[in-house]
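Read the structure below first, then the notes.
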Protein chains: 2
Amino acid sequence: MSKPLKVAIAGLGTVGVGVVKILETHKDLIRSRCGRSIEVVGVSANNRARDRGVDISGYQWSDNALDFAGQDDIDVVVELIGGSDGIAKELAQKSLAAGKSFVTANKALVAHHGADLANTAQEAGVALRYEAAVAGGIPIIKSIGEGLAANELNLVYGILNGTCNYILTTMEATGQSFEEVLTEAQRLGYAEADPTFDVDGIDTAHKLAILSSVAFATETDFEHVYTEGIRRIEAVDIEYAREIGYRIKLLGITRLTEKGLEQRVHPALVKKNEPIAQVEDAFNAVVAEGDFIDRTFYQGRGAGQGPTASAVVADIIDIARGHTGPAFFVPSGELKKAAPVPISEHEGACYIRLHVQEKPGVIADITSILKEHDVSLDVMLQKGHEQDGSVYVVLVTHKIQEKILSEALNRIGELSSVQEEPLAIRIENL
Amino acid sequence: MSKPLKVAIAGLGTVGVGVVKILETHKDLIRSRCGRSIEVVGVSANNRARDRGVDISGYQWSDNALDFAGQDDIDVVVELIGGSDGIAKELAQKSLAAGKSFVTANKALVAHHGADLANTAQEAGVALRYEAAVAGGIPIIKSIGEGLAANELNLVYGILNGTCNYILTTMEATGQSFEEVLTEAQRLGYAEADPTFDVDGIDTAHKLAILSSVAFATETDFEHVYTEGIRRIEAVDIEYAREIGYRIKLLGITRLTEKGLEQRVHPALVKKNEPIAQVEDAFNAVVAEGDFIDRTFYQGRGAGQGPTASAVVADIIDIARGHTGPAFFVPSGELKKAAPVPISEHEGACYIRLHVQEKPGVIADITSILKEHDVSLDVMLQKGHEQDGSVYVVLVTHKIQEKILSEALNRIGELSSVQEEPLAIRIENL
């Protein structure tokens, strides 16, 4: 049996504590699975005294996580601090440069600096691993990078943010508004006090940028992920979508074509019999499509102490087993720079919800503008009267280029009878 | 870049040809992903001349696959011949003993001899890999053995045979009988001329025995897998099941408890909103539950040239990357012998369909027998009259021990008014 793998944990929040729990609870199981034991030789956090529900008194304490990079007796540094820059980034660079493998759950860090860190890791001959950064309860990085390694991938998409999926499925189940459900989710601790990262799609965009690199061997390019959140979705949209056979999900979609790399995060109408449409509550799901394996579907918990810590420990076990290959599954020098495909060039069908004053000629004005821009309609529904005499008009277009549709919608939005900016939700028949 | 990995392929049927296609099509992609190239240095099959749609003239031919075990220039032998014994087994033993890694899609071989072969592989310090043997289009062996490695697993179940799922979903969609759908499936090539392995659950049992070993680190124990097929399912059962909120699937279920190892393959009623219930056509799906990660769900194609060959090549790529750990993810000496839990001890609710002559007192006779055995009912439906004056009576029991229920059903089966052996389908609220 080879010598123990020595691990230091930076950050003892929910996930850090979960990692300690797993390594203690499954000490023997893990030793058997690795052929060696995994020892925690150091921990670091802001507040040593805080009661975390686990006894950390037996572990060597550091007030400054950066010390780990300099300690000779550490093989792996586990970063659970968070943030795309600051101490997390410095710890990553210093640890890797010092020849220590680095395991993180930090999606912002990998999305922003993945290519650079992969390069540092490779030069030092150590591992950079981040399974927990994307869909904690689904081993999706390993599945794509190893399980599907015989395929050229053409498409990866998924529900990558549990909070948004919880909000959307709860809105559907209760008919409550986005604000009502969000407030309740915050009360229950399902959503952050500042929900921006979740509901505006940024968290999903971080994860998508990582999936792109794993699937297509491209340099992580978070800056060019088109990102749109779910704040404008109303219960009526979910209801109308269902009437025409769809559910609304916040999707991250990445595709590499001859045009370049298409990365987008936005609410989407998906056919209600598709597996992805049937993902409830805070679950995550990913669809990955390869040229020989066809379509594969993965579902699991996206977050929470157990699932996320489980993914972190799986990475540590991989390293203990000697699986220390390139972070993005090809040598870092072979990661491609892919030209981003702007969202304006996207083509697809679209759901449009207009809130208009009910008076003669409104529909005529709208349809004539659509006609002038060659936007053809598949469905048109006029929905019941509000007290103020306004109505909802729902349009479903045929396949149309994004930039043309937005020109038409801008003009429609300027009509005096149109009460709010038109809401457009892309329809995805993936 | 390290030296090429040299591979010999034994068996050039659908899957073998698929492996050749992938290794040719993705030569550069694979070299980049492995940091070395994978070279086919030999092929073997029964008929050299047969047109297989790929040009094999460039590869060294052997009439006898066993020659590969003796060739010094071969690193990995890929066995795609099939069969639990005979040449496949001999090739496995000789290749591993000769220090060559062994990759197979042969579920029968691994289900029957997994523990022995793992031991031989370990002694020789080489890899035994079989991702393609279970749910080809789902990287489930890797997901459980590596992705979920931080967990103690308590339950794994799934739809592991595409032919049976195709038959059941087609029966549901068309209302056709089992025989009608089977004949059509055979005509289309979805089912073998001899469908026994598929429809009687043997194929599923092979795969389940393998999943048990991967999940629980127990020696493969195919002999103790309780196995029941789908021949007796009729369209009416699918229809009645739907009425009470269920769909019928052929499941493989494995669970390790303090009582021992419970392995069973049989048709089951599953709640129609469960992901497993929504698996259509020839797709496979697996649910794996760990103590920290909770429930994970995987869906993909179960068979076919592309998906199966993709899994075989993924194993070869893993070996090229140096991932040559134990076949069942723990040292072979640590594989446990688990006591089998007999099906008679299983407890659960059950769907029962009786075909009875409609005459006074029949129901009374049936219910009094159930009462004597303390079998309590949750639902009782009497279904419309056949021309011959017979009716279907459908019963749903509360949770009951199998041996008690079968005693009651044997007595009911002996009633003169009961026209055929009662059909019992277990209800799984997993």
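By order of appearance in the structure tokens: chains A, B, ..., then residues from 1 within every chain, and ligands from 1 in the order shown.
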Selection: 10 Å around Asp67 in chain A, only C-alpha atoms, excl. self and same-chain fewer than 4 positions, as a PyMOL selection string: chain A and resi 42+44+62-63+71+91+94-95
All residues 10 Å or closer to Ile404 in chain B, only C-alpha atoms, same chain fewer than 6 positions away omitted, as a PyMOL selection string: chain B and resi 344-345+347+370+373-375
Store the residues of this selection in a file with all heavy atoms, as a PDB file, in the first residue's frame.
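Heads up, here's the output in out02.pdb:
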```pdb
ATOM      1  N   SER B 344     -38.030 -14.780  -1.631  1.00  0.00           N
ATOM      2  CA  SER B 344     -39.171 -15.103  -0.752  1.00  0.00           C
ATOM      3  C   SER B 344     -39.232 -14.153   0.442  1.00  0.00           C
ATOM      4  O   SER B 344     -40.290 -13.946   1.017  1.00  0.00           O
ATOM      5  CB  SER B 344     -39.040 -16.545  -0.255  1.00  0.00           C
ATOM      6  OG  SER B 344     -37.788 -16.706   0.386  1.00  0.00           O
ATOM      7  N   GLU B 345     -38.099 -13.550   0.786  1.00  0.00           N
ATOM      8  CA  GLU B 345     -38.086 -12.627   1.923  1.00  0.00           C
ATOM      9  C   GLU B 345     -38.404 -11.192   1.514  1.00  0.00           C
ATOM     10  O   GLU B 345     -38.528 -10.303   2.363  1.00  0.00           O
ATOM     11  CB  GLU B 345     -36.732 -12.673   2.625  1.00  0.00           C
ATOM     12  CG  GLU B 345     -36.489 -13.970   3.374  1.00  0.00           C
ATOM     13  CD  GLU B 345     -35.136 -13.994   4.058  1.00  0.00           C
ATOM     14  OE1 GLU B 345     -34.585 -12.909   4.348  1.00  0.00           O
ATOM     15  OE2 GLU B 345     -34.622 -15.114   4.285  1.00  0.00           O
ATOM     16  N   GLU B 347     -40.276  -7.916   0.647  1.00  0.00           N
ATOM     17  CA  GLU B 347     -41.552  -7.349   1.059  1.00  0.00           C
ATOM     18  C   GLU B 347     -41.887  -6.150   0.206  1.00  0.00           C
ATOM     19  O   GLU B 347     -41.036  -5.307  -0.043  1.00  0.00           O
ATOM     20  CB  GLU B 347     -41.489  -6.911   2.526  1.00  0.00           C
ATOM     21  CG  GLU B 347     -41.491  -8.052   3.497  1.00  0.00           C
ATOM     22  CD  GLU B 347     -41.681  -7.565   4.936  1.00  0.00           C
ATOM     23  OE1 GLU B 347     -41.750  -6.336   5.148  1.00  0.00           O
ATOM     24  OE2 GLU B 347     -41.767  -8.421   5.821  1.00  0.00           O
ATOM     25  N   LEU B 370     -57.391 -14.496   0.597  1.00  0.00           N
ATOM     26  CA  LEU B 370     -56.460 -13.410   0.920  1.00  0.00           C
ATOM     27  C   LEU B 370     -56.541 -13.077   2.397  1.00  0.00           C
ATOM     28  O   LEU B 370     -55.520 -12.892   3.074  1.00  0.00           O
ATOM     29  CB  LEU B 370     -56.777 -12.167   0.069  1.00  0.00           C
ATOM     30  CG  LEU B 370     -56.499 -12.326  -1.427  1.00  0.00           C
ATOM     31  CD1 LEU B 370     -57.061 -11.143  -2.208  1.00  0.00           C
ATOM     32  CD2 LEU B 370     -54.999 -12.462  -1.700  1.00  0.00           C
ATOM     33  N   HIS B 373     -54.694 -15.375   4.666  1.00  0.00           N
ATOM     34  CA  HIS B 373     -53.226 -15.187   4.647  1.00  0.00           C
ATOM     35  C   HIS B 373     -52.827 -13.775   5.077  1.00  0.00           C
ATOM     36  O   HIS B 373     -51.677 -13.371   4.890  1.00  0.00           O
ATOM     37  CB  HIS B 373     -52.690 -15.505   3.251  1.00  0.00           C
ATOM     38  CG  HIS B 373     -52.774 -16.966   2.892  1.00  0.00           C
ATOM     39  ND1 HIS B 373     -51.738 -17.845   3.106  1.00  0.00           N
ATOM     40  CD2 HIS B 373     -53.799 -17.694   2.376  1.00  0.00           C
ATOM     41  CE1 HIS B 373     -52.101 -19.046   2.696  1.00  0.00           C
ATOM     42  NE2 HIS B 373     -53.349 -18.986   2.261  1.00  0.00           N
ATOM     43  N   ASP B 374     -53.798 -13.022   5.605  1.00  0.00           N
ATOM     44  CA  ASP B 374     -53.524 -11.645   6.045  1.00  0.00           C
ATOM     45  C   ASP B 374     -52.985 -10.761   4.923  1.00  0.00           C
ATOM     46  O   ASP B 374     -52.105  -9.930   5.156  1.00  0.00           O
ATOM     47  CB  ASP B 374     -52.527 -11.640   7.219  1.00  0.00           C
ATOM     48  CG  ASP B 374     -53.206 -12.038   8.509  1.00  0.00           C
ATOM     49  OD1 ASP B 374     -54.377 -11.646   8.698  1.00  0.00           O
ATOM     50  OD2 ASP B 374     -52.583 -12.775   9.288  1.00  0.00           O
ATOM     51  N   VAL B 375     -53.467 -10.995   3.713  1.00  0.00           N
ATOM     52  CA  VAL B 375     -53.086 -10.114   2.604  1.00  0.00           C
ATOM     53  C   VAL B 375     -54.141  -9.020   2.507  1.00  0.00           C
ATOM     54  O   VAL B 375     -55.309  -9.315   2.222  1.00  0.00           O
ATOM     55  CB  VAL B 375     -53.023 -10.885   1.270  1.00  0.00           C
ATOM     56  CG1 VAL B 375     -52.658  -9.939   0.132  1.00  0.00           C
ATOM     57  CG2 VAL B 375     -52.031 -12.035   1.367  1.00  0.00           C
TER      58      VAL B 375
END
```
Residues near Ala205 in chain B, cut-off 9 Å, only C-alpha atoms, skip fewer than 6 positions along chain, as a list in words: Ala111, Leu160, Phe222, Val225, Tyr226, Thr227, Gly252, Gln263, Arg264 and Val265 of chain B
Shell around range 130-144 of chain A at 6 Å using only C-alpha atoms, local window under 5 positions removed, as a list in words: Val103, Thr104, Ala105, Asn106, Lys107, Lys207, Gly300, Arg301, Gly302, Ala303, Pro307, Thr308, Ala311 and Val312 of chain A; Gly147 and Ile293 of chain B
Please produce a file of the residues just selected, as a compact mmCIF listing (two decimals), in the first residue's frame, where the atoms kept are all heavy atoms.
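Generated file (selection_1.txt):
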```
# COMPACT_ATOMS: atom_id res chain seq x y z
N VAL A 103 -7.65 21.00 -6.01
CA VAL A 103 -9.04 20.59 -6.21
C VAL A 103 -9.93 21.73 -5.75
O VAL A 103 -9.73 22.28 -4.66
CB VAL A 103 -9.36 19.31 -5.40
CG1 VAL A 103 -10.85 19.00 -5.47
CG2 VAL A 103 -8.53 18.14 -5.92
N THR A 104 -10.90 22.11 -6.58
CA THR A 104 -11.74 23.24 -6.23
C THR A 104 -13.20 23.02 -6.62
O THR A 104 -13.50 22.22 -7.51
CB THR A 104 -11.23 24.53 -6.91
OG1 THR A 104 -12.07 25.64 -6.51
CG2 THR A 104 -11.26 24.43 -8.43
N ALA A 105 -14.11 23.70 -5.91
CA ALA A 105 -15.53 23.71 -6.26
C ALA A 105 -15.90 25.08 -6.83
O ALA A 105 -17.07 25.39 -6.99
CB ALA A 105 -16.36 23.42 -5.01
N ASN A 106 -14.88 25.86 -7.14
CA ASN A 106 -15.04 27.28 -7.46
C ASN A 106 -15.25 27.51 -8.96
O ASN A 106 -14.30 27.62 -9.73
CB ASN A 106 -13.78 28.00 -6.97
CG ASN A 106 -13.87 29.49 -7.11
OD1 ASN A 106 -14.62 30.01 -7.93
ND2 ASN A 106 -13.08 30.19 -6.30
N LYS A 107 -16.50 27.58 -9.37
CA LYS A 107 -16.81 27.70 -10.81
C LYS A 107 -16.34 29.03 -11.39
O LYS A 107 -15.89 29.11 -12.53
CB LYS A 107 -18.29 27.54 -11.07
CG LYS A 107 -19.17 28.38 -10.18
CD LYS A 107 -20.44 27.63 -9.79
CE LYS A 107 -20.99 28.17 -8.51
NZ LYS A 107 -21.22 27.17 -7.50
N LYS A 207 -20.68 27.84 -15.20
CA LYS A 207 -20.65 26.39 -15.38
C LYS A 207 -20.61 26.03 -16.85
O LYS A 207 -19.89 25.11 -17.27
CB LYS A 207 -21.86 25.76 -14.69
CG LYS A 207 -21.82 25.92 -13.17
CD LYS A 207 -23.18 25.68 -12.54
CE LYS A 207 -23.12 25.74 -11.02
NZ LYS A 207 -24.48 25.71 -10.41
N GLY A 300 -29.07 14.91 -11.29
CA GLY A 300 -28.70 14.77 -9.89
C GLY A 300 -28.86 16.09 -9.17
O GLY A 300 -29.26 17.09 -9.79
N ARG A 301 -28.53 16.11 -7.89
CA ARG A 301 -28.63 17.35 -7.14
C ARG A 301 -27.53 18.30 -7.58
O ARG A 301 -26.40 17.89 -7.79
CB ARG A 301 -28.54 17.09 -5.64
CG ARG A 301 -29.70 16.26 -5.14
CD ARG A 301 -29.94 16.42 -3.66
NE ARG A 301 -31.16 15.70 -3.30
CZ ARG A 301 -32.39 16.22 -3.42
NH1 ARG A 301 -32.54 17.46 -3.86
NH2 ARG A 301 -33.46 15.51 -3.10
N GLY A 302 -27.87 19.57 -7.71
CA GLY A 302 -26.89 20.53 -8.23
C GLY A 302 -26.02 21.11 -7.14
O GLY A 302 -24.89 21.54 -7.39
N ALA A 303 -26.54 21.11 -5.93
CA ALA A 303 -25.80 21.77 -4.85
C ALA A 303 -26.09 21.09 -3.53
O ALA A 303 -26.60 19.98 -3.50
CB ALA A 303 -26.19 23.25 -4.81
N PRO A 307 -23.82 16.44 -1.91
CA PRO A 307 -23.45 16.27 -3.31
C PRO A 307 -22.18 17.02 -3.72
O PRO A 307 -21.33 16.46 -4.42
CB PRO A 307 -24.67 16.83 -4.05
CG PRO A 307 -25.80 16.65 -3.10
CD PRO A 307 -25.21 16.88 -1.75
N THR A 308 -22.04 18.27 -3.25
CA THR A 308 -20.86 19.05 -3.65
C THR A 308 -19.59 18.47 -3.02
O THR A 308 -18.58 18.27 -3.70
CB THR A 308 -21.04 20.53 -3.25
OG1 THR A 308 -22.31 20.98 -3.71
CG2 THR A 308 -19.96 21.38 -3.88
N ALA A 311 -18.42 15.36 -4.75
CA ALA A 311 -17.67 15.61 -5.99
C ALA A 311 -16.24 16.04 -5.68
O ALA A 311 -15.30 15.62 -6.36
CB ALA A 311 -18.37 16.69 -6.81
N VAL A 312 -16.06 16.84 -4.64
CA VAL A 312 -14.70 17.26 -4.25
C VAL A 312 -13.87 16.04 -3.84
O VAL A 312 -12.75 15.85 -4.30
CB VAL A 312 -14.76 18.27 -3.07
CG1 VAL A 312 -13.36 18.52 -2.50
CG2 VAL A 312 -15.40 19.58 -3.51
N GLY B 147 -16.91 8.33 -10.18
CA GLY B 147 -17.67 9.57 -9.91
C GLY B 147 -18.34 9.57 -8.54
O GLY B 147 -18.45 10.61 -7.89
N ILE B 293 -24.17 11.81 -1.96
CA ILE B 293 -24.56 12.45 -3.23
C ILE B 293 -26.06 12.37 -3.46
O ILE B 293 -26.61 13.06 -4.28
CB ILE B 293 -23.78 11.81 -4.41
CG1 ILE B 293 -23.73 12.78 -5.59
CG2 ILE B 293 -24.39 10.46 -4.80
CD1 ILE B 293 -22.74 12.36 -6.65
```
Check: which chain A residues lie within 6 Å of chain B using only C-alpha atoms, as a PyMOL selection string: chain A and resi 32-33+137+139+147+149-150+292-293+296-300+306-307+310+313-314+329-330
Å distance separating CA of Ile9 in chain A from CA of Val78 in chain A, one decimal place: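 Distance reported for this atom pair: 4.8 Å.
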Residues near Gly13 in chain A, cut-off 10 Å, only C-alpha atoms, skip fewer than 6 positions along chain, as JSON, numbers by chain: {"A": [19, 45, 46, 52, 80, 81, 305]}
Long-range neighbours of Gln176 in chain A as a ChimeraX atom specification, 7 Å cut-off, only C-alpha atoms, 5 positions minimum in chain: /A:171,181,235
Residues within 12 Å of Phe197 in chain A, only C-alpha atoms, excluding chain neighbours under 2 positions, as a PyMOL selection string: chain A and resi 83+107-108+161-164+191-195+199-207+227-231
Among listed residues B:Ile167, B:Val362, B:Ile210, B:Met380, nearest Glu184 in chain B (using only C-alpha atoms):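 With only C-alpha atoms as the atom set, the closest residue is B:Ile167.
DSSP on the backbone gives strand (DSSP E) for these parts of range 70-217 of chain A: A:Val76, A:Val77, A:Val78, A:Glu79, A:Ser101, A:Phe102, A:Val103, A:Thr104, A:Leu128, A:Arg129, A:Leu153, A:Asn154, A:Leu155, A:Val156, A:Tyr157, A:Gly158, A:Ile159.
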Save the residues we just selected, C-alpha atoms, as an mmCIF file, in the first residue's frame?
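Produced file result21.cif, reproduced below:
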```cif
data_model
loop_
_atom_site.group_PDB
_atom_site.id
_atom_site.type_symbol
_atom_site.label_atom_id
_atom_site.label_comp_id
_atom_site.auth_asym_id
_atom_site.auth_seq_id
_atom_site.Cartn_x
_atom_site.Cartn_y
_atom_site.Cartn_z
ATOM 1 C CA VAL A 76 -3.271 18.373 -2.535
ATOM 2 C CA VAL A 77 -4.761 21.777 -1.723
ATOM 3 C CA VAL A 78 -8.568 21.870 -1.697
ATOM 4 C CA GLU A 79 -9.959 25.361 -2.299
ATOM 5 C CA SER A 101 -2.428 19.210 -7.001
ATOM 6 C CA PHE A 102 -5.394 21.557 -6.678
ATOM 7 C CA VAL A 103 -9.036 20.592 -6.207
ATOM 8 C CA THR A 104 -11.744 23.242 -6.228
ATOM 9 C CA LEU A 128 -6.174 20.600 -11.426
ATOM 10 C CA ARG A 129 -9.613 19.149 -10.725
ATOM 11 C CA LEU A 153 -19.043 16.182 -29.052
ATOM 12 C CA ASN A 154 -21.368 18.477 -30.923
ATOM 13 C CA LEU A 155 -23.729 19.717 -28.226
ATOM 14 C CA VAL A 156 -23.950 20.037 -24.457
ATOM 15 C CA TYR A 157 -26.810 21.711 -22.637
ATOM 16 C CA GLY A 158 -28.436 21.568 -19.279
ATOM 17 C CA ILE A 159 -30.147 22.930 -16.214
#
```
DSSP alpha helix (DSSP H) selection over range 385-422 of chain B, as JSON, numbers by chain: {"B": [402, 403, 404, 405, 406, 407, 408, 409, 410, 411, 412, 413, 414]}
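Between CA of Thr196 in chain B and CA of Ala241 in chain B the separation is 25.0 Å.
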Between CA of Ile319 in chain A and CA of Ile319 in chain B - distance in Å to one decimal: 15.9 Å
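Shortest atom-to-atom contact with Tyr59 in chain B among B:Glu358, B:Glu123, B:Glu219, B:Glu39: B:Glu39, counting only C-alpha atoms.
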